[in-house]
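Engineer: Coordinates in data-v1.pdb, PDB, C-alpha atoms, are listed below.
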ATOM      1  CA  MET A   1      96.921  99.287 107.170  1.00  0.00           C
ATOM      2  CA  SER A   2      97.227 102.401 109.352  1.00  0.00           C
ATOM      3  CA  ARG A   3      94.308 104.036 107.537  1.00  0.00           C
ATOM      4  CA  MET A   4      92.162 100.968 108.077  1.00  0.00           C
ATOM      5  CA  LEU A   5      92.866 100.897 111.805  1.00  0.00           C
ATOM      6  CA  SER A   6      92.157 104.577 112.281  1.00  0.00           C
ATOM      7  CA  THR A   7      88.968 104.701 110.183  1.00  0.00           C
ATOM      8  CA  GLU A   8      87.531 101.228 110.684  1.00  0.00           C
ATOM      9  CA  GLY A   9      88.753 100.511 114.190  1.00  0.00           C
ATOM     10  CA  MET A  10      89.596  97.110 115.554  1.00  0.00           C
ATOM     11  CA  LEU A  11      88.438  94.770 118.282  1.00  0.00           C
ATOM     12  CA  PHE A  12      90.722  92.683 120.468  1.00  0.00           C
ATOM     13  CA  LEU A  13      88.831  89.486 121.347  1.00  0.00           C
ATOM     14  CA  ALA A  14      90.087  87.106 124.016  1.00  0.00           C
ATOM     15  CA  THR A  15      89.002  83.626 122.944  1.00  0.00           C
ATOM     16  CA  GLU A  16      90.657  81.528 125.667  1.00  0.00           C
ATOM     17  CA  ASN A  17      91.929  82.441 129.100  1.00  0.00           C
ATOM     18  CA  ASN A  18      93.730  80.219 131.599  1.00  0.00           C
ATOM     19  CA  VAL A  19      94.759  81.561 135.004  1.00  0.00           C
ATOM     20  CA  ARG A  20      96.950  79.548 137.348  1.00  0.00           C
ATOM     21  CA  TYR A  21      97.357  80.815 140.907  1.00  0.00           C
ATOM     22  CA  PHE A  22     100.370  79.638 142.904  1.00  0.00           C
ATOM     23  CA  ARG A  23     100.648  82.019 145.878  1.00  0.00           C
ATOM     24  CA  PRO A  24      98.637  84.957 147.154  1.00  0.00           C
ATOM     25  CA  ILE A  25      99.876  88.515 146.726  1.00  0.00           C
ATOM     26  CA  ASN A  26      99.505  90.336 150.039  1.00  0.00           C
ATOM     27  CA  PRO A  27      97.983  93.822 150.263  1.00  0.00           C
ATOM     28  CA  PHE A  28     100.591  96.464 149.336  1.00  0.00           C
ATOM     29  CA  GLN A  29     103.128  93.770 148.372  1.00  0.00           C
ATOM     30  CA  ARG A  30     105.277  94.824 145.442  1.00  0.00           C
ATOM     31  CA  TYR A  31     105.364  92.581 142.368  1.00  0.00           C
ATOM     32  CA  VAL A  32     106.128  92.800 138.664  1.00  0.00           C
ATOM     33  CA  ILE A  33     104.169  91.580 135.675  1.00  0.00           C
ATOM     34  CA  SER A  34     106.156  90.337 132.707  1.00  0.00           C
ATOM     35  CA  THR A  35     104.425  89.717 129.396  1.00  0.00           C
ATOM     36  CA  THR A  36     105.439  87.751 126.336  1.00  0.00           C
ATOM     37  CA  VAL A  37     103.555  87.648 123.042  1.00  0.00           C
ATOM     38  CA  GLU A  38     103.727  85.031 120.295  1.00  0.00           C
ATOM     39  CA  ILE A  39     101.858  84.540 117.046  1.00  0.00           C
ATOM     40  CA  CYS A  40     101.322  81.266 115.190  1.00  0.00           C
ATOM     41  CA  GLU A  41     102.606  80.705 111.703  1.00  0.00           C
ATOM     42  CA  ASN A  42      98.972  80.408 110.561  1.00  0.00           C
ATOM     43  CA  ASP A  43      98.885  84.179 111.220  1.00  0.00           C
ATOM     44  CA  LYS A  44      95.613  84.350 113.113  1.00  0.00           C
ATOM     45  CA  TRP A  45      96.136  83.995 116.862  1.00  0.00           C
ATOM     46  CA  TRP A  46      98.006  86.051 119.428  1.00  0.00           C
ATOM     47  CA  TYR A  47      99.269  84.196 122.513  1.00  0.00           C
ATOM     48  CA  TYR A  48      99.945  86.321 125.583  1.00  0.00           C
ATOM     49  CA  ARG A  49     101.530  85.106 128.815  1.00  0.00           C
ATOM     50  CA  HIS A  50     101.391  87.409 131.826  1.00  0.00           C
ATOM     51  CA  SER A  51     103.540  86.289 134.739  1.00  0.00           C
ATOM     52  CA  PHE A  52     103.064  87.892 138.178  1.00  0.00           C
ATOM     53  CA  GLU A  53     106.406  87.614 139.977  1.00  0.00           C
ATOM     54  CA  GLU A  54     108.144  88.753 143.113  1.00  0.00           C
ATOM     55  CA  HIS A  55     109.618  92.258 142.859  1.00  0.00           C
ATOM     56  CA  PRO A  56     113.416  92.190 142.240  1.00  0.00           C
ATOM     57  CA  ASP A  57     114.058  94.262 145.387  1.00  0.00           C
ATOM     58  CA  ASN A  58     112.530  91.467 147.489  1.00  0.00           C
ATOM     59  CA  ILE A  59     114.526  88.561 146.027  1.00  0.00           C
ATOM     60  CA  LYS A  60     117.243  87.227 148.293  1.00  0.00           C
ATOM     61  CA  ASP A  61     120.678  86.672 146.750  1.00  0.00           C
ATOM     62  CA  GLY A  62     120.810  83.652 144.470  1.00  0.00           C
ATOM     63  CA  ASN A  63     117.111  82.832 144.701  1.00  0.00           C
ATOM     64  CA  THR A  64     114.764  82.677 141.751  1.00  0.00           C
ATOM     65  CA  PRO A  65     111.740  84.986 141.903  1.00  0.00           C
ATOM     66  CA  ILE A  66     108.529  83.625 143.382  1.00  0.00           C
ATOM     67  CA  VAL A  67     105.798  83.271 140.758  1.00  0.00           C
ATOM     68  CA  PHE A  68     102.407  84.258 142.153  1.00  0.00           C
ATOM     69  CA  ALA A  69     100.290  83.586 139.061  1.00  0.00           C
ATOM     70  CA  ILE A  70     100.457  82.999 135.313  1.00  0.00           C
ATOM     71  CA  VAL A  71      97.764  84.095 132.878  1.00  0.00           C
ATOM     72  CA  ASP A  72      97.754  82.522 129.403  1.00  0.00           C
ATOM     73  CA  LEU A  73      95.537  84.255 126.876  1.00  0.00           C
ATOM     74  CA  LYS A  74      94.660  83.402 123.273  1.00  0.00           C
ATOM     75  CA  ALA A  75      93.270  86.299 121.269  1.00  0.00           C
ATOM     76  CA  VAL A  76      92.334  87.459 117.801  1.00  0.00           C
ATOM     77  CA  VAL A  77      92.061  90.993 116.412  1.00  0.00           C
ATOM     78  CA  LYS A  78      89.047  91.803 114.242  1.00  0.00           C
ATOM     79  CA  GLN A  79      87.864  94.752 112.242  1.00  0.00           C
ATOM     80  CA  LYS A  80      84.465  96.021 113.301  1.00  0.00           C
ATOM     81  CA  ASN A  81      83.013  94.366 110.176  1.00  0.00           C
ATOM     82  CA  GLY A  82      84.179  90.958 111.500  1.00  0.00           C
ATOM     83  CA  LYS A  83      87.211  90.429 109.258  1.00  0.00           C
ATOM     84  CA  THR A  84      90.252  89.042 111.073  1.00  0.00           C
ATOM     85  CA  ILE A  85      93.308  91.293 111.065  1.00  0.00           C
ATOM     86  CA  LYS A  86      96.394  89.126 110.679  1.00  0.00           C
ATOM     87  CA  PRO A  87      99.061  89.681 113.327  1.00  0.00           C
ATOM     88  CA  THR A  88     101.715  90.158 110.638  1.00  0.00           C
ATOM     89  CA  GLU A  89      99.637  93.040 109.205  1.00  0.00           C
ATOM     90  CA  LEU A  90      99.669  94.781 112.584  1.00  0.00           C
ATOM     91  CA  LEU A  91     103.379  94.108 112.973  1.00  0.00           C
ATOM     92  CA  GLN A  92     104.136  95.917 109.706  1.00  0.00           C
ATOM     93  CA  ASP A  93     103.005  99.257 111.144  1.00  0.00           C
ATOM     94  CA  ASN A  94     103.892  98.857 114.795  1.00  0.00           C
ATOM     95  CA  GLU A  95     107.527  98.969 115.976  1.00  0.00           C
ATOM     96  CA  PHE A  96     106.491  98.146 119.543  1.00  0.00           C
ATOM     97  CA  TYR A  97     105.028  94.781 118.560  1.00  0.00           C
ATOM     98  CA  LYS A  98     107.803  94.070 116.047  1.00  0.00           C
ATOM     99  CA  ASN A  99     110.346  94.104 118.865  1.00  0.00           C
ATOM    100  CA  TRP A 100     108.168  92.204 121.303  1.00  0.00           C
ATOM    101  CA  VAL A 101     106.502  89.380 119.376  1.00  0.00           C
ATOM    102  CA  THR A 102     107.956  86.012 118.413  1.00  0.00           C
ATOM    103  CA  ILE A 103     106.477  83.696 115.784  1.00  0.00           C
ATOM    104  CA  ARG A 104     105.542  80.282 117.112  1.00  0.00           C
ATOM    105  CA  ASP A 105     105.949  77.134 115.021  1.00  0.00           C
ATOM    106  CA  ASN A 106     102.562  75.500 114.295  1.00  0.00           C
ATOM    107  CA  ARG A 107     103.863  72.186 115.616  1.00  0.00           C
ATOM    108  CA  THR A 108     103.850  73.614 119.160  1.00  0.00           C
ATOM    109  CA  THR A 109     100.253  74.840 119.145  1.00  0.00           C
TER     110      THR A 109
END
Could you write out this file's structure as structure tokens?
Structural biologist:
Amino acid sequence: MSRMLSTEGMLFLATENNVRYFRPINPFQRYVISTTVEICENDKWWYYRHSFEEHPDNIKDGNTPIVFAIVDLKAVVKQKNGKTIKPTELLQDNEFYKNWVTIRDNRTT
């Protein structure tokens, strides 16, 4: 797999994107972006959720962070020749993703 990625290359293609805005972020306002990644059991799609939230230093005691926006993204990874690279194939060679990704049950997609 590593050889294929280094010699053939790969393309990350966003196929769906949904952005929900809840509150504006002011100029120079501090915020954090948290990201979660899931893959479906059919081993084709990556699901990313990026959440733009109030910076922890600005949260008053006992309050939950303000959510400014959420971006949901559905993606697929392809070789340059058009063949889909299964998420589990990428996970085999990548410790970063192994620790970050959860596998979603098909019934929830």
Engineer: Mind telling me what the PyMOL selection byres ((chain A and resi 83-91) around 9) catches here, as a PyMOL selection string?
Structural biologist: chain A and resi 1-2+10+39-40+43-46+76-82+92-98+101
Engineer: So which residues touch segment 47-58 of chain A within 6 Å, counting all atoms listed in the file, skipping near sequence neighbours fewer than 5 positions away, as JSON, numbers by chain?
Structural biologist: {"A": [30, 31, 32, 33, 34, 35, 36, 37, 38, 65, 66, 67, 68, 69, 70, 71, 72, 73, 74]}
Engineer: Store the residues picked out above, limited to C-alpha atoms, as a PDB file, in the frame of the given file.
Structural biologist:
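File written: selection-v3.pdb
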ATOM      1  CA  ARG A  30     105.277  94.824 145.442  1.00  0.00           C
ATOM      2  CA  TYR A  31     105.364  92.581 142.368  1.00  0.00           C
ATOM      3  CA  VAL A  32     106.128  92.800 138.664  1.00  0.00           C
ATOM      4  CA  ILE A  33     104.169  91.580 135.675  1.00  0.00           C
ATOM      5  CA  SER A  34     106.156  90.337 132.707  1.00  0.00           C
ATOM      6  CA  THR A  35     104.425  89.717 129.396  1.00  0.00           C
ATOM      7  CA  THR A  36     105.439  87.751 126.336  1.00  0.00           C
ATOM      8  CA  VAL A  37     103.555  87.648 123.042  1.00  0.00           C
ATOM      9  CA  GLU A  38     103.727  85.031 120.295  1.00  0.00           C
ATOM     10  CA  PRO A  65     111.740  84.986 141.903  1.00  0.00           C
ATOM     11  CA  ILE A  66     108.529  83.625 143.382  1.00  0.00           C
ATOM     12  CA  VAL A  67     105.798  83.271 140.758  1.00  0.00           C
ATOM     13  CA  PHE A  68     102.407  84.258 142.153  1.00  0.00           C
ATOM     14  CA  ALA A  69     100.290  83.586 139.061  1.00  0.00           C
ATOM     15  CA  ILE A  70     100.457  82.999 135.313  1.00  0.00           C
ATOM     16  CA  VAL A  71      97.764  84.095 132.878  1.00  0.00           C
ATOM     17  CA  ASP A  72      97.754  82.522 129.403  1.00  0.00           C
ATOM     18  CA  LEU A  73      95.537  84.255 126.876  1.00  0.00           C
ATOM     19  CA  LYS A  74      94.660  83.402 123.273  1.00  0.00           C
TER      20      LYS A  74
END
Engineer: Rounded to one decimal in Å, what is the spacing between atom CA of Leu11 of chain A and atom CA of Ala75 of chain A?
Structural biologist: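 For atom CA of Leu11 of chain A relative to atom CA of Ala75 of chain A, the distance reads 10.2 Å.
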Engineer: What's the separation between atom CA of Pro27 of chain A and atom CA of Thr64 of chain A, in Å to one decimal place?
Structural biologist: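 Taking atom CA of Pro27 of chain A and atom CA of Thr64 of chain A, their separation equals 21.9 Å.
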Engineer: As AutoDock Vina command-line options, please: the centre and edge lengths in Å, to one decimal, of an axis-aligned box enclosing every listed atom of segment 66-85 of chain A with 4 Å added on each side.
Structural biologist:
--center_x 95.8 --center_y 89.3 --center_z 126.3 --size_x 33.5 --size_y 21.5 --size_z 42.1
Engineer: Mind giving me the straight-line distance from atom CA of Lys60 of chain A to atom CA of Gln29 of chain A in Å, one decimal?
Structural biologist: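 That distance, rounded to one decimal, is 15.6 Å.
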